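Q: Below is the file query.csv, with CSV, C-alpha atoms and all ligand atoms.
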```csv
chain,number,residue,atom,x,y,z
N,916,MET,CA,22.4,-42.0,17.7
N,917,GLN,CA,22.5,-45.7,17.1
N,918,ALA,CA,23.0,-48.2,20.0
N,919,PRO,CA,26.0,-50.5,19.8
N,920,ALA,CA,25.3,-53.8,18.1
N,921,ASP,CA,25.8,-55.9,21.3
N,922,GLN,CA,23.1,-54.1,23.2
N,923,ASP,CA,19.4,-54.5,22.6
N,924,PHE,CA,17.2,-52.0,24.4
N,925,PRO,CA,13.6,-51.2,23.7
N,926,PRO,CA,13.4,-47.8,22.0
N,927,SER,CA,11.7,-46.1,24.9
N,928,GLN,CA,14.1,-47.3,27.6
N,929,THR,CA,17.4,-45.6,28.3
N,930,PRO,CA,20.2,-48.0,28.9
N,931,LEU,CA,21.8,-48.1,32.4
N,932,LYS,CA,25.4,-47.3,32.6
N,933,GLN,CA,27.8,-49.2,34.9
N,934,ASP,CA,27.5,-46.5,37.7
N,935,SER,CA,23.7,-46.3,37.5
N,936,LYS,CA,21.5,-47.6,40.2
N,937,PRO,CA,19.0,-50.4,39.4
N,938,SER,CA,15.7,-49.5,37.9
N,939,GLY,CA,13.1,-48.8,40.7
N,940,SER,CA,15.6,-47.0,42.9
N,941,LYS,CA,14.1,-43.8,44.2
N,942,ASP,CA,16.6,-41.4,42.7
N,943,TYR,CA,17.2,-43.3,39.5
N,944,LEU,CA,18.4,-41.1,36.6
N,945,PRO,CA,20.6,-41.7,33.6
N,946,ALA,CA,24.2,-41.0,34.5
N,947,HIS,CA,24.5,-38.1,32.1
N,948,VAL,CA,21.8,-36.1,33.9
N,949,ARG,CA,22.3,-37.3,37.5
N,950,THR,CA,24.3,-35.0,39.8
N,951,SER,CA,25.2,-35.1,43.4
N,952,ASN,CA,22.8,-32.3,44.5
N,953,GLY,CA,19.9,-33.0,42.1
N,954,CYS,CA,20.0,-29.4,40.7
N,955,VAL,CA,19.5,-30.5,37.0
N,956,PRO,CA,15.9,-31.6,37.4
N,957,ALA,CA,15.3,-28.3,39.2
N,958,CYS,CA,16.9,-26.5,36.3
N,959,SER,CA,14.9,-28.4,33.7
N,960,SER,CA,11.7,-27.6,35.5
N,961,PHE,CA,12.7,-24.0,35.8
N,962,LEU,CA,13.5,-23.8,32.1
N,963,LEU,CA,10.2,-25.5,31.3
N,964,ALA,CA,8.3,-23.1,33.5
N,965,CYS,CA,10.1,-20.2,31.7
N,966,LEU,CA,9.1,-21.5,28.3
N,967,LEU,CA,5.5,-22.0,29.4
N,968,ALA,CA,5.4,-18.5,30.9
N,969,PHE,CA,6.9,-17.0,27.7
N,970,SER,CA,4.4,-18.9,25.5
N,971,LEU,CA,1.5,-17.7,27.8
N,972,GLN,CA,2.8,-14.2,27.7
N,973,ILE,CA,2.8,-14.3,23.9
N,974,LEU,CA,-0.7,-15.8,23.7
N,975,LEU,CA,-2.2,-13.5,26.4
N,976,PHE,CA,-0.6,-10.3,25.1
N,977,SER,CA,-0.7,-11.0,21.4
N,978,PRO,CA,-2.8,-8.3,19.7
N,979,ILE,CA,-4.0,-10.6,16.9
N,980,THR,CA,-6.2,-13.6,16.4
N,981,PRO,CA,-4.5,-14.8,13.2
N,982,GLY,CA,-5.8,-16.7,10.2
N,983,THR,CA,-3.5,-17.8,7.4
N,984,LEU,CA,-2.5,-15.7,4.5
N,985,GLU,CA,-2.4,-17.0,1.0
N,986,LEU,CA,0.7,-15.6,-0.7
N,987,PRO,CA,0.6,-15.1,-4.5
N,988,ARG,CA,1.3,-18.1,-6.6
N,989,ALA,CA,4.0,-18.1,-9.3
N,990,SER,CA,2.4,-16.7,-12.4
N,991,SER,CA,3.2,-14.9,-15.7
N,992,ALA,CA,2.8,-11.7,-13.7
N,993,SER,CA,5.3,-12.6,-11.1
N,994,SER,CA,7.8,-13.7,-13.7
N,995,LEU,CA,7.7,-10.3,-15.5
N,996,PRO,CA,11.4,-9.4,-15.9
N,997,THR,CA,12.9,-7.1,-13.3
N,998,ASN,CA,14.0,-3.9,-15.1
N,999,ASN,CA,15.3,-1.4,-12.5
N,1000,GLN,CA,13.2,1.3,-14.1
N,1001,LEU,CA,12.3,2.8,-10.7
N,1002,GLN,CA,16.0,3.5,-10.2
N,1003,ARG,CA,15.8,6.1,-13.0
N,1004,VAL,CA,13.5,8.5,-11.2
N,1005,ASN,CA,14.2,12.2,-10.8
N,1006,LYS,CA,13.8,13.1,-7.1
N,1007,LEU,CA,11.4,16.0,-6.8
N,1008,GLY,CA,11.5,18.1,-3.6
N,1009,GLU,CA,14.2,15.9,-2.1
N,1010,GLY,CA,14.6,16.4,1.6
N,1011,PHE,CA,11.3,18.3,1.9
N,1012,ALA,CA,8.7,15.7,1.3
N,1013,LYS,CA,8.6,13.2,4.2
N,1014,ASN,CA,7.0,9.9,3.3
N,1015,PRO,CA,4.6,11.2,0.6
N,1016,GLU,CA,2.2,8.3,0.5
N,1017,ASP,CA,0.0,9.5,-2.3
N,1018,VAL,CA,0.6,11.9,-5.2
N,1019,CYS,CA,-1.8,13.6,-7.7
N,1020,VAL,CA,-1.5,16.3,-10.3
N,1021,ASN,CA,-4.1,18.9,-11.1
N,1022,LYS,CA,-5.1,20.2,-14.6
N,1023,GLU,CA,-2.4,22.9,-14.5
N,1024,GLY,CA,0.4,20.4,-13.7
N,1025,ILE,CA,0.7,21.3,-10.1
N,1026,ILE,CA,1.8,18.2,-8.1
N,1027,TYR,CA,0.1,17.6,-4.7
N,1028,THR,CA,1.2,15.4,-1.9
N,1029,ALA,CA,0.3,14.9,1.8
N,1030,THR,CA,3.4,14.4,3.9
N,1031,ARG,CA,4.1,12.9,7.4
N,1032,ASP,CA,4.7,16.3,8.9
N,1033,GLY,CA,1.1,17.3,8.3
N,1034,TRP,CA,1.6,19.6,5.3
N,1035,ILE,CA,-0.2,19.4,2.0
N,1036,LYS,CA,2.7,20.3,-0.3
N,1037,ARG,CA,2.6,21.5,-3.9
N,1038,LEU,CA,5.4,21.2,-6.4
N,1039,HIS,CA,5.1,23.8,-9.2
N,1040,ARG,CA,6.1,23.5,-12.8
N,1041,ASN,CA,9.1,25.8,-12.2
N,1042,GLY,CA,10.4,23.2,-9.6
N,1043,SER,CA,9.5,25.2,-6.5
N,1044,LEU,CA,8.1,23.4,-3.5
N,1045,GLU,CA,5.4,25.1,-1.5
N,1046,ASN,CA,4.1,24.2,2.0
N,1047,TRP,CA,0.5,24.9,1.0
N,1048,LYS,CA,-1.8,24.0,3.9
N,1049,MET,CA,-1.1,22.6,7.4
N,1050,THR,CA,-3.5,19.9,8.6
N,1051,ASN,CA,-1.9,19.3,12.1
N,1052,SER,CA,-2.0,15.5,11.4
N,1053,ASP,CA,0.8,13.0,11.0
N,1054,THR,CA,-1.5,10.3,9.6
N,1055,LEU,CA,-2.4,11.6,6.1
N,1056,LEU,CA,-2.7,9.0,3.3
N,1057,GLY,CA,-4.6,9.0,0.0
N,1058,ILE,CA,-5.5,12.2,-1.8
N,1059,THR,CA,-7.5,13.3,-4.9
N,1060,ILE,CA,-8.5,16.5,-6.6
N,1061,THR,CA,-12.2,17.1,-7.2
N,1062,LYS,CA,-13.8,18.3,-10.4
N,1063,GLU,CA,-11.4,16.2,-12.5
N,1064,GLY,CA,-8.4,18.0,-11.3
N,1065,GLU,CA,-9.8,21.5,-11.1
N,1066,GLY,CA,-11.4,21.6,-7.6
N,1067,ASP,CA,-10.4,21.2,-4.0
N,1068,LEU,CA,-8.1,18.6,-2.6
N,1069,ILE,CA,-9.6,15.7,-0.6
N,1070,VAL,CA,-7.4,13.9,1.9
N,1071,CYS,CA,-7.8,10.6,3.9
N,1072,ASP,CA,-6.6,11.1,7.4
N,1073,SER,CA,-6.3,7.7,9.1
N,1074,GLU,CA,-7.2,9.4,12.5
N,1075,LYS,CA,-9.8,12.0,11.6
N,1076,GLY,CA,-11.6,10.6,8.5
N,1077,LEU,CA,-12.1,12.5,5.3
N,1078,LEU,CA,-10.8,16.1,5.0
N,1079,SER,CA,-11.4,18.7,2.3
N,1080,VAL,CA,-8.5,21.2,1.8
N,1081,SER,CA,-8.9,24.4,-0.1
N,1082,GLU,CA,-7.5,27.9,-0.1
N,1083,ASP,CA,-9.9,28.6,2.8
N,1084,GLY,CA,-8.5,25.9,5.0
N,1085,VAL,CA,-9.2,22.4,6.2
N,1086,THR,CA,-12.7,20.9,6.8
N,1087,VAL,CA,-13.6,17.5,8.1
N,1088,LEU,CA,-16.2,16.0,5.7
N,1089,ALA,CA,-16.8,12.6,7.3
N,1090,SER,CA,-15.6,11.3,10.7
N,1091,HIS,CA,-18.3,8.7,11.5
N,1092,VAL,CA,-20.3,6.0,9.7
N,1093,ASN,CA,-23.3,4.3,11.3
N,1094,GLY,CA,-22.4,6.0,14.6
N,1095,SER,CA,-18.9,4.6,14.7
N,1096,LYS,CA,-15.7,6.6,14.2
N,1097,ILE,CA,-14.1,6.2,10.9
N,1098,LYS,CA,-10.7,4.7,11.5
N,1099,PHE,CA,-7.9,4.3,9.0
N,1100,ALA,CA,-9.4,6.0,6.0
N,1101,ASP,CA,-6.9,5.2,3.2
N,1102,ASP,CA,-7.7,6.4,-0.3
N,1103,VAL,CA,-10.5,8.4,-2.0
N,1104,ILE,CA,-11.8,9.3,-5.4
N,1105,GLU,CA,-14.6,11.7,-6.6
N,1106,ALA,CA,-17.2,10.7,-9.1
N,1107,TRP,CA,-18.8,13.1,-11.6
N,1108,ASP,CA,-21.9,13.5,-9.4
N,1109,GLY,CA,-19.7,14.7,-6.5
N,1110,SER,CA,-19.9,11.5,-4.5
N,1111,LEU,CA,-16.7,10.6,-2.7
N,1112,TYR,CA,-15.8,6.9,-2.6
N,1113,PHE,CA,-13.2,6.0,0.0
N,1114,SER,CA,-11.6,3.0,1.6
N,1115,VAL,CA,-11.1,2.1,5.3
N,1116,ALA,CA,-8.1,-0.2,5.5
N,1117,SER,CA,-8.9,-1.7,8.8
N,1118,THR,CA,-11.6,-1.1,11.5
N,1119,LYS,CA,-9.4,-3.0,14.0
N,1120,PHE,CA,-5.8,-1.7,13.6
N,1121,GLY,CA,-4.5,1.8,13.0
N,1122,LEU,CA,-1.9,3.2,10.6
N,1123,HIS,CA,1.0,2.7,12.9
N,1124,ASN,CA,0.1,-1.0,13.4
N,1125,TRP,CA,-1.0,-1.7,9.8
N,1126,TYR,CA,1.2,-4.8,9.5
N,1127,LEU,CA,-0.8,-6.4,12.4
N,1128,ASP,CA,-3.8,-6.5,10.0
N,1129,VAL,CA,-1.6,-8.3,7.5
N,1130,LEU,CA,-0.4,-10.8,10.1
N,1131,GLU,CA,-4.0,-11.3,11.4
N,1132,ALA,CA,-5.2,-11.8,7.8
N,1133,LYS,CA,-8.9,-11.4,8.7
N,1134,PRO,CA,-10.9,-8.9,6.7
N,1135,HIS,CA,-11.5,-5.6,8.5
N,1136,GLY,CA,-11.6,-3.4,5.5
N,1137,GLN,CA,-14.5,-1.3,4.0
N,1138,LEU,CA,-15.5,0.7,1.0
N,1139,LEU,CA,-17.5,3.8,2.0
N,1140,LYS,CA,-19.4,6.5,0.1
N,1141,TYR,CA,-19.8,10.1,1.1
N,1142,ASP,CA,-22.8,11.9,-0.4
N,1143,PRO,CA,-22.2,15.6,-0.5
N,1144,SER,CA,-25.8,16.6,-0.9
N,1145,SER,CA,-26.9,15.0,2.3
N,1146,GLY,CA,-23.6,14.9,4.1
N,1147,GLU,CA,-24.2,11.2,4.8
N,1148,THR,CA,-21.6,8.4,4.8
N,1149,SER,CA,-22.6,4.8,4.1
N,1150,ILE,CA,-20.9,1.4,3.9
N,1151,LEU,CA,-20.9,-0.1,0.4
N,1152,LEU,CA,-18.6,-3.1,1.0
N,1153,ASP,CA,-17.5,-4.8,4.2
N,1154,ASP,CA,-15.0,-7.6,5.0
N,1155,LEU,CA,-12.3,-6.4,2.6
N,1156,GLY,CA,-8.7,-7.6,3.1
N,1157,PHE,CA,-7.1,-4.3,3.9
N,1158,ALA,CA,-9.1,-2.0,1.6
N,1159,ASN,CA,-6.6,0.4,0.0
N,1160,GLY,CA,-6.5,2.3,-3.3
N,1161,VAL,CA,-9.7,3.3,-5.0
N,1162,ALA,CA,-10.1,4.5,-8.7
N,1163,LEU,CA,-12.9,5.0,-11.1
N,1164,SER,CA,-13.0,3.5,-14.6
N,1165,ARG,CA,-12.8,6.0,-17.5
N,1166,ASP,CA,-16.6,5.8,-18.1
N,1167,GLN,CA,-17.2,5.7,-14.3
N,1168,ASP,CA,-19.3,2.6,-14.8
N,1169,TYR,CA,-17.3,0.8,-12.1
N,1170,LEU,CA,-14.9,1.5,-9.3
N,1171,VAL,CA,-11.8,-0.6,-8.5
N,1172,VAL,CA,-10.8,-1.1,-4.9
N,1173,CYS,CA,-7.5,-2.8,-3.9
N,1174,GLU,CA,-7.3,-5.5,-1.2
N,1175,THR,CA,-3.7,-5.4,-0.1
N,1176,TRP,CA,-3.1,-8.7,1.6
N,1177,ARG,CA,-5.5,-10.6,-0.7
N,1178,PHE,CA,-3.1,-9.5,-3.6
N,1179,ARG,CA,-6.1,-8.6,-5.7
N,1180,CYS,CA,-8.4,-5.7,-6.7
N,1181,LEU,CA,-12.2,-5.8,-6.9
N,1182,LYS,CA,-14.5,-4.2,-9.5
N,1183,TYR,CA,-17.6,-2.6,-7.9
N,1184,TRP,CA,-20.3,-1.8,-10.4
N,1185,LEU,CA,-21.8,1.7,-10.2
N,1186,LYS,CA,-24.1,1.4,-13.2
N,1187,GLY,CA,-26.2,-1.0,-15.3
N,1188,GLU,CA,-27.8,-4.4,-14.4
N,1189,THR,CA,-24.9,-5.3,-12.2
N,1190,LYS,CA,-25.0,-2.1,-10.2
N,1191,GLY,CA,-23.9,-2.8,-6.6
N,1192,LYS,CA,-22.3,-6.1,-7.5
N,1193,THR,CA,-18.6,-7.0,-7.2
N,1194,GLU,CA,-16.3,-9.2,-9.2
N,1195,ILE,CA,-12.6,-9.7,-9.3
N,1196,PHE,CA,-10.8,-7.1,-11.4
N,1197,VAL,CA,-7.2,-8.6,-11.1
N,1198,GLU,CA,-5.9,-11.2,-8.7
N,1199,ASN,CA,-2.7,-13.0,-7.8
N,1200,LEU,CA,-0.7,-9.8,-8.2
N,1201,PRO,CA,3.0,-10.1,-7.5
N,1202,GLY,CA,2.7,-7.9,-4.4
N,1203,GLY,CA,0.0,-6.3,-2.2
N,1204,PRO,CA,-1.8,-3.5,-4.2
N,1205,ASP,CA,-1.6,-0.1,-2.5
N,1206,ASN,CA,-2.9,3.0,-4.3
N,1207,ILE,CA,-4.4,2.8,-7.8
N,1208,ASN,CA,-4.8,5.6,-10.3
N,1209,LEU,CA,-6.6,5.7,-13.7
N,1210,ALA,CA,-4.2,6.4,-16.6
N,1211,PRO,CA,-5.2,8.7,-19.5
N,1212,ASP,CA,-5.6,5.6,-21.8
N,1213,GLY,CA,-8.1,3.9,-19.5
N,1214,SER,CA,-5.7,1.5,-17.9
N,1215,PHE,CA,-4.6,1.7,-14.2
N,1216,TRP,CA,-1.3,2.2,-12.4
N,1217,ILE,CA,-1.1,0.1,-9.2
N,1218,ALA,CA,1.7,0.3,-6.6
N,1219,LEU,CA,2.6,-3.1,-5.2
N,1220,LEU,CA,4.0,-3.8,-1.7
N,1221,GLN,CA,6.3,-6.6,-0.9
N,1222,LEU,CA,4.5,-7.9,2.1
N,1223,ALA,CA,6.8,-10.9,2.9
N,1224,SER,CA,10.5,-11.0,3.2
N,1225,ASN,CA,12.3,-13.5,1.0
N,1226,GLY,CA,12.9,-16.7,2.9
N,1227,LEU,CA,10.5,-15.8,5.7
N,1228,GLU,CA,7.2,-16.5,3.8
N,1229,PHE,CA,6.5,-19.4,6.2
N,1230,VAL,CA,5.5,-16.8,8.9
N,1231,HIS,CA,2.3,-16.2,7.0
N,1232,THR,CA,1.1,-19.8,7.4
N,1233,SER,CA,2.3,-20.3,11.0
N,1234,LYS,CA,0.0,-18.9,13.7
N,1235,ALA,CA,2.6,-19.4,16.4
N,1236,SER,CA,5.1,-17.2,14.4
N,1237,LYS,CA,2.4,-14.6,13.8
N,1238,HIS,CA,1.7,-14.4,17.6
N,1239,LEU,CA,5.4,-14.1,18.3
N,1240,ILE,CA,6.0,-11.3,15.8
N,1241,ALA,CA,2.8,-9.4,16.8
N,1242,THR,CA,3.9,-9.4,20.4
N,1243,PHE,CA,7.4,-8.1,19.6
N,1244,PRO,CA,6.9,-5.4,17.1
N,1245,ARG,CA,10.6,-5.1,16.3
N,1246,LEU,CA,10.4,-8.4,14.6
N,1247,VAL,CA,7.9,-6.9,12.1
N,1248,GLU,CA,10.7,-5.1,10.3
N,1249,LEU,CA,12.4,-8.4,9.8
N,1250,VAL,CA,9.4,-10.2,8.2
N,1251,ASN,CA,8.0,-7.2,6.3
N,1252,GLY,CA,9.5,-6.8,2.8
N,1253,VAL,CA,8.3,-3.3,2.1
N,1254,TYR,CA,11.6,-1.6,3.0
N,1255,ARG,CA,13.6,-3.9,0.6
N,1256,LYS,CA,12.1,-3.2,-2.9
N,1257,ALA,CA,9.5,-1.4,-4.9
N,1258,ALA,CA,7.3,-2.2,-7.8
N,1259,VAL,CA,4.4,-0.7,-9.8
N,1260,VAL,CA,2.2,-2.4,-12.5
N,1261,ASN,CA,0.2,-1.1,-15.3
N,1262,VAL,CA,-3.1,-3.1,-15.6
N,1263,ALA,CA,-5.4,-2.7,-18.6
N,1264,ALA,CA,-9.1,-2.1,-18.2
N,1265,ASP,CA,-9.7,-5.9,-18.9
N,1266,GLY,CA,-7.5,-6.8,-15.9
N,1267,LYS,CA,-4.4,-7.9,-17.8
N,1268,ILE,CA,-1.1,-6.8,-16.5
N,1269,ILE,CA,0.7,-4.8,-19.3
N,1270,ARG,CA,4.0,-3.9,-17.7
N,1271,LYS,CA,5.9,-3.7,-14.5
N,1272,PHE,CA,8.5,-1.2,-13.3
N,1273,ASP,CA,10.6,-2.0,-10.2
N,1274,ASP,CA,13.6,-1.3,-8.0
N,1275,PRO,CA,14.4,-5.0,-7.1
N,1276,ASN,CA,16.9,-4.2,-4.4
N,1277,GLY,CA,15.6,-0.9,-3.2
N,1278,LYS,CA,18.6,1.1,-4.4
N,1279,VAL,CA,16.7,4.3,-5.1
N,1280,MET,CA,13.1,3.6,-4.0
N,1281,THR,CA,11.4,1.2,-1.6
N,1282,PHE,CA,7.9,1.0,-0.2
N,1283,VAL,CA,6.4,2.8,-3.3
N,1284,THR,CA,2.7,3.3,-2.5
N,1285,SER,CA,1.4,5.3,-5.4
N,1286,ALA,CA,1.9,5.9,-9.2
N,1287,PHE,CA,0.1,8.8,-11.0
N,1288,GLU,CA,0.5,9.3,-14.7
N,1289,PHE,CA,0.5,12.9,-16.1
N,1290,GLU,CA,1.9,14.1,-19.4
N,1291,ASP,CA,3.9,11.0,-20.2
N,1292,HIS,CA,5.5,10.9,-16.7
N,1293,LEU,CA,4.8,8.7,-13.7
N,1294,TYR,CA,4.8,10.5,-10.3
N,1295,LEU,CA,5.6,8.1,-7.5
N,1296,GLY,CA,4.8,8.3,-3.8
N,1297,SER,CA,6.4,6.3,-1.1
N,1298,LEU,CA,6.2,5.7,2.7
N,1299,ASN,CA,10.0,5.5,2.8
N,1300,SER,CA,11.2,8.4,0.7
N,1301,ASN,CA,11.9,12.1,1.3
N,1302,PHE,CA,11.0,13.0,-2.3
N,1303,VAL,CA,8.4,12.4,-5.1
N,1304,GLY,CA,9.8,10.2,-7.9
N,1305,LYS,CA,9.3,11.3,-11.5
N,1306,LEU,CA,9.8,8.8,-14.2
N,1307,PRO,CA,9.6,9.6,-17.9
N,1308,LEU,CA,7.4,7.0,-19.6
N,1309,LYS,CA,8.5,7.6,-23.2
N,1310,ASP,CA,11.7,5.6,-23.0
N,1311,ALA,CA,10.7,3.3,-20.1
U,1,CA,CA,-5.3,8.8,-4.6
U,2,CA,CA,-2.8,3.6,0.4
```
Let me see whether you can do it: turn the structure in this file into structure tokens.

A:
Amino acid sequence: MQAPADQDFPPSQTPLKQDSKPSGSKDYLPAHVRTSNGCVPACSSFLLACLLAFSLQILLFSPITPGTLELPRASSASSLPTNNQLQRVNKLGEGFAKNPEDVCVNKEGIIYTATRDGWIKRLHRNGSLENWKMTNSDTLLGITITKEGEGDLIVCDSEKGLLSVSEDGVTVLASHVNGSKIKFADDVIEAWDGSLYFSVASTKFGLHNWYLDVLEAKPHGQLLKYDPSSGETSILLDDLGFANGVALSRDQDYLVVCETWRFRCLKYWLKGETKGKTEIFVENLPGGPDNINLAPDGSFWIALLQLASNGLEFVHTSKASKHLIATFPRLVELVNGVYRKAAVVNVAADGKIIRKFDDPNGKVMTFVTSAFEFEDHLYLGSLNSNFVGKLPLKDA
């Protein structure tokens, strides 16, 4: 507010009004805050104390020590036109497949998924849905079928580690690495030699707190290898930004591992002169990559998560906001965009994005976590659906 023209006060000094006492008087206060019993200063102090206590509470009880997250920049990939294709899906097993995070199809065309109620479910070609094997776990994530779609099913359990599921039952293959319990196993793939490559999304946070890893934005992810001949598990890569989907190239000369909150996927070489080295496969994706699957033509299908809500992107560069949200988990739903839309991209073996399918306003599908191509159809898993989506690719 501007002072009247006939008054000239230094900017730091509040003008005295007519009823004010002279400066230096013991109980001097501007008239607008002075009261007869002096309760306003007490109230101000109380409010200040409350604010300090609130801030301290947030800092002391915040479960994260945040860094800042670099959100994807505008690019040709982010400007791929929206096309509502994911709104065209047929809903398989609707009502009987709770949050099917990952989907795969075996050689005979039987669809497998691991659901939140602990069942490994199978969808047969005739449309029937079978509760196949019970794992007694509500934290199942990525799956794969061994022997190129003809063997057993391998499942990542974010509590127990790596499980093998066959007609004979459920076996834990790997639960520890270097003496530590494997936490948050996320996705797995088998190589021709029987080795199982799998990801650990976070060694710090669990499945139910996964978004805290995004808010913290410090790399706690790993790529592990299980050797079936020795039964040993080893760490291949550390310090990954939420290690998620894993897939092998068509020739199995490299493996791709997704780093969700880095919006990129890495290529890890398994053969040749560059064996053991990593390079970027695709970066600046228009969403956080979740599961990835090799397509029959040698390209890859990657499900993308909307990690930031529109208009609330600033949260990811403000440490104070991150502390506040991490302390009050209900706020997570507000800033997390995964329940608002869905997208999958098809990326060529050279890392170029070929096409994108989406549901831009979450009308039919949100939080799509997996896309698996089989016989000209895409099978879609989601952490917010009670069905497996089936999309015909021929006219998409
Ligand atoms: Ca998988
Ligand atoms: Ca995943």

Q: Using all atoms listed in the file, determine which residues fall within 8 Å of ligand CA 2 (chain U), then list them as a list of chain:residue names.

A: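 The distance check yields N:Glu1016, N:Asp1017, N:Leu1056, N:Gly1057, N:Asp1101, N:Asp1102, N:Asn1159, N:Gly1160, N:Asp1205, N:Asn1206, N:Thr1284, N:Ser1285.
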
Q: In Å, rounded to a single decimal, give me how far CA of Lys1133 (chain N) is from CA of Leu1055 (chain N).

A: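 If I compute the distance from CA of Leu1055 (chain N) to CA of Lys1133 (chain N), I get 24.0 Å.
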
Q: Which polymer residues have any atom within 12 Å of an atom of region 995-1001 of chain N, counting all atoms listed in the file, with same-chain residues fewer than 2 positions away left out, as a PyMOL selection string?

A: chain N and resi 989-993+1003-1006+1200-1201+1218+1256-1261+1268-1283+1286+1293-1297+1303-1308+1310-1311

Q: So, with only C-alpha atoms and all ligand atoms as the atoms that count, which of N:Ser1090, N:Ser1300, N:Thr983, N:Thr1028 lies closest to ligand CA 1 (chain U)?

A: N:Thr1028

Q: Just the residues within 9 Å of Ile1150 (chain N), please, counting all atoms listed in the file, with nothing from its chain fewer than 4 positions along; format it as a compact mmCIF listing (two decimals) with C-alpha atoms, in the frame of the given file.

A:
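Contents of part.txt, freshly written:
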```txt
# COMPACT_ATOMS: atom_id res chain seq x y z
CA VAL N 1092 -20.30 6.00 9.70
CA ASN N 1093 -23.30 4.30 11.30
CA GLN N 1137 -14.50 -1.30 4.00
CA LEU N 1138 -15.50 0.70 1.00
CA LEU N 1139 -17.50 3.80 2.00
CA LYS N 1140 -19.40 6.50 0.10
```

Q: Could you please determine the separation between CA of Phe1287 (chain N) and CA of Asn1208 (chain N) in Å, to one decimal place?

A: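 CA of Asn1208 (chain N) lies 5.9 Å from CA of Phe1287 (chain N).
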
Q: For Pro1211 (chain N), which of N:Cys965, N:Leu1163, N:Leu1088, N:Leu1130 is the closest residue, counting all atoms listed in the file?

A: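 Counting all atoms listed in the file, the residue closest to Pro1211 (chain N) is N:Leu1163.
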
Q: Point out the residue among N:Gly1213, N:Gly1064, N:Gly1146, N:Gly1252 with the least atom-to-atom distance to ligand CA 1 (chain U), counting all atoms listed in the file.

A: N:Gly1064

Q: Can you pull out the residues contacting Leu1068 (chain N)? Cut-off 12 Å, using only C-alpha atoms, and skip same-chain residues under 6 positions away; I want them as a ChimeraX atom specification.

A: /N:1018-1021,1025-1029,1035-1037,1047-1048,1057-1062,1077-1086,1088,1103-1105,1111

Q: Residues of the last selection are to be written out with C-alpha atoms, as a PDB file, in the coordinates of the input.

A:
```
ATOM      1  CA  VAL N1018       0.600  11.900  -5.200  1.00  0.00           C
ATOM      2  CA  CYS N1019      -1.800  13.600  -7.700  1.00  0.00           C
ATOM      3  CA  VAL N1020      -1.500  16.300 -10.300  1.00  0.00           C
ATOM      4  CA  ASN N1021      -4.100  18.900 -11.100  1.00  0.00           C
ATOM      5  CA  ILE N1025       0.700  21.300 -10.100  1.00  0.00           C
ATOM      6  CA  ILE N1026       1.800  18.200  -8.100  1.00  0.00           C
ATOM      7  CA  TYR N1027       0.100  17.600  -4.700  1.00  0.00           C
ATOM      8  CA  THR N1028       1.200  15.400  -1.900  1.00  0.00           C
ATOM      9  CA  ALA N1029       0.300  14.900   1.800  1.00  0.00           C
ATOM     10  CA  ILE N1035      -0.200  19.400   2.000  1.00  0.00           C
ATOM     11  CA  LYS N1036       2.700  20.300  -0.300  1.00  0.00           C
ATOM     12  CA  ARG N1037       2.600  21.500  -3.900  1.00  0.00           C
ATOM     13  CA  TRP N1047       0.500  24.900   1.000  1.00  0.00           C
ATOM     14  CA  LYS N1048      -1.800  24.000   3.900  1.00  0.00           C
ATOM     15  CA  GLY N1057      -4.600   9.000   0.000  1.00  0.00           C
ATOM     16  CA  ILE N1058      -5.500  12.200  -1.800  1.00  0.00           C
ATOM     17  CA  THR N1059      -7.500  13.300  -4.900  1.00  0.00           C
ATOM     18  CA  ILE N1060      -8.500  16.500  -6.600  1.00  0.00           C
ATOM     19  CA  THR N1061     -12.200  17.100  -7.200  1.00  0.00           C
ATOM     20  CA  LYS N1062     -13.800  18.300 -10.400  1.00  0.00           C
ATOM     21  CA  LEU N1077     -12.100  12.500   5.300  1.00  0.00           C
ATOM     22  CA  LEU N1078     -10.800  16.100   5.000  1.00  0.00           C
ATOM     23  CA  SER N1079     -11.400  18.700   2.300  1.00  0.00           C
ATOM     24  CA  VAL N1080      -8.500  21.200   1.800  1.00  0.00           C
ATOM     25  CA  SER N1081      -8.900  24.400  -0.100  1.00  0.00           C
ATOM     26  CA  GLU N1082      -7.500  27.900  -0.100  1.00  0.00           C
ATOM     27  CA  ASP N1083      -9.900  28.600   2.800  1.00  0.00           C
ATOM     28  CA  GLY N1084      -8.500  25.900   5.000  1.00  0.00           C
ATOM     29  CA  VAL N1085      -9.200  22.400   6.200  1.00  0.00           C
ATOM     30  CA  THR N1086     -12.700  20.900   6.800  1.00  0.00           C
ATOM     31  CA  LEU N1088     -16.200  16.000   5.700  1.00  0.00           C
ATOM     32  CA  VAL N1103     -10.500   8.400  -2.000  1.00  0.00           C
ATOM     33  CA  ILE N1104     -11.800   9.300  -5.400  1.00  0.00           C
ATOM     34  CA  GLU N1105     -14.600  11.700  -6.600  1.00  0.00           C
ATOM     35  CA  LEU N1111     -16.700  10.600  -2.700  1.00  0.00           C
TER      36      LEU N1111
END
```

Q: One number please: CA of Glu985 (chain N) to CA of Leu1246 (chain N), in Å, one decimal.

A: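 The value is 20.6 Å.
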
Q: Which is closest to ligand CA 1 (chain U) among N:Leu1038, N:Ala1100, N:Val1161, N:Val1129, if we use only C-alpha atoms and all ligand atoms?

A: N:Val1161
